[in-house]
Amino acid sequence: MTHGEHSWMADIALEERPDLLQRIERYRKRYPDRNIEAYIEKVKQDARLEQVKQYLMAQLRAHTLKVSSACLAYAEGSLQQGRYAEEYLKGNAYPFERMLHYLKNGSRLALYHRDFREIDLPENSVDWIITDPPYPQKFLPLYRDLALFAQRVLRPGGGLLAMAGQSYLPEIFQHMSVEGLKYNWTLCYLTPGGQSPQLWQRKVNTFWKPILWFTKGENKRWIGDVVKSDVNDNDKTYHFWGQSVSGMTDLLQKVSYMGETILDPFLGGGATGAACLLHRRHFIGIEIEKDIFTIAKERLEALRKELDVVQY
């Protein structure tokens with residue numbers, strides 16, 4: 001059956017759905033002055049969405065999948081949330097296809113002790129680059145190198161999410177202005193609690209940092225633009241500038257889908273990689289400093305074994 005032949009593409013027959021008629025009648029009685037036709041369309045859309053969720057769940061269970069029960073439960077829980085069904089209903093099967101590919105083939109965890117500018121990754125092979133480059137002024141040229149790297153390895157429609165310090169934002173935007181990469185938005189990453197850095201030269205206590213969002217081609221994803229870590233979750237166990245797994249998890253779940261490929265060219269302590277393993281994304285991490293790379297590699301490989309993630 002093709003996408004266009006599915007039952008949810010047809011109009012919902014309300015006379016065959018007493019549950020929907022009851023919902024509409026309750027709304028009519030409660031809000032007699034409101035537009036009932038608009039609400040009826042919403043009810044029908046909700047019904048279509050539920051049909052798609054059930055169809056995707058049936059497709060998921062119909063495949064012979066060599067994964068752990070925990071991984072399968074994560075996939076089923078993700079489908080229940082509705083994001084995959086919403087995209088599928090719009091004709092975008094890519095998120096669900098990534099999920100199935102992950103479940104059939106296992107996880108990819110690739111870690112490189114290299115300078116990201118020297119690694120020849122395939123073009124158009126990465127869904128998202130999520131990274132936290134160093135902020136001091138002497139490192140600003142790295143943002144241009146990062147933008148050029150992203151323009152090459154991101155798939156069309158893919159995105160680059162780069163954290164940045166506020167001190168040099170004008171210069172960073174100049175460095176990241178490269179052909180083929182388009183600025184889309186700035187997200188706010190909140191770090192609540194008593195972990196506020198004090199910037200003495202600027203006389204600021206900061207509780208947030210910007211995440212600069214660039215896309216390769218046109219962006220087609222709706223996301224909320226506020227991300228936050230758990231309160232006082234200022235994890236520096238693995239790296240002095242390390243991010244919290246809770247914050248990276250919130251960002252990851254907002255922008256990406258299960259089975260997509262995430263790349264971090266400034267691996268650091270590996271928080272982004274840990275979030276990817278926990279939430280069933282493929283991960284590529286690159287780190288230039290040997291000691292830091294070794295610590296992150298041990299962390300992520302131990303987590304992969306703990307989660308019983310199949311690697312290919």
# chains A, B, ... in the order shown; residues from 1 in each chain; ligands from 1
call {"tool": "residues_around", "arguments": {"residues": "Asp132 (chain A)", "least_positions_apart": "6", "cutoff": "10 Å", "atoms": "only C-alpha atoms", "output": "list in words"}}
result
Leu161, Ala162, Met163, Ala164, Gly165, Ile211, Trp241, Gly242, Gln243, Asp264, Pro265, Phe266, Leu267, Gly268 and Thr272 of chain A
call {"tool": "residues_around", "arguments": {"residues": "region 23-28 of chain A", "least_positions_apart": "5", "cutoff": "8 Å", "atoms": "only C-alpha atoms", "output": "PyMOL selection string"}}
result
chain A and resi 34+36+39-40+43
call {"tool": "select_by_dssp", "arguments": {"residues": "region 13-256 of chain A", "states": "helix (DSSP H, G or I)", "output": "ChimeraX atom specification"}}
result
/A:14-16,18-30,36-62,69-81,83-89,94-105,116-118,137-139,141-153,166-175,245-255
call {"tool": "select_by_dssp", "arguments": {"residues": "region 240-307 of chain A", "states": "strand (DSSP E or B)", "output": "ChimeraX atom specification"}}
result
/A:261-264,282-287
call {"tool": "closest_residue", "arguments": {"among": "A:Arg48, A:Gly269, A:Pro197, A:Gly106", "to": "Lys290 (chain A)", "atoms": "only C-alpha atoms"}}
result
A:Gly269
call {"tool": "closest_residue", "arguments": {"among": "A:Leu49, A:Cys188, A:Arg280, A:Leu14", "to": "Glu87 (chain A)", "atoms": "only C-alpha atoms"}}
result
A:Leu49
call {"tool": "closest_residue", "arguments": {"among": "A:Glu301, A:Glu86, A:Glu123, A:Glu118", "to": "Trp222 (chain A)", "atoms": "only C-alpha atoms"}}
result
A:Glu86
call {"tool": "closest_residue", "arguments": {"among": "A:Leu89, A:Ala302, A:Met57, A:Leu140", "to": "Glu76 (chain A)", "atoms": "only C-alpha atoms"}}
result
A:Met57
call {"tool": "residues_around", "arguments": {"residues": "Ser246 (chain A)", "least_positions_apart": "3", "cutoff": "9 Å", "atoms": "only C-alpha atoms", "output": "list in words"}}
result
Lys228, Ser229, Asp230, Asp233, Gln243, Thr249, Asp250, Leu251, Ala271 and Ala275 of chain A
call {"tool": "closest_residue", "arguments": {"among": "A:Tyr31, A:Tyr84, A:Tyr94, A:Tyr112", "to": "Asp127 (chain A)", "atoms": "only C-alpha atoms"}}
result
A:Tyr94
call {"tool": "closest_residue", "arguments": {"among": "A:Lys209, A:Arg144, A:Arg108, A:Lys305", "to": "Leu263 (chain A)", "atoms": "only C-alpha atoms"}}
result
A:Arg108
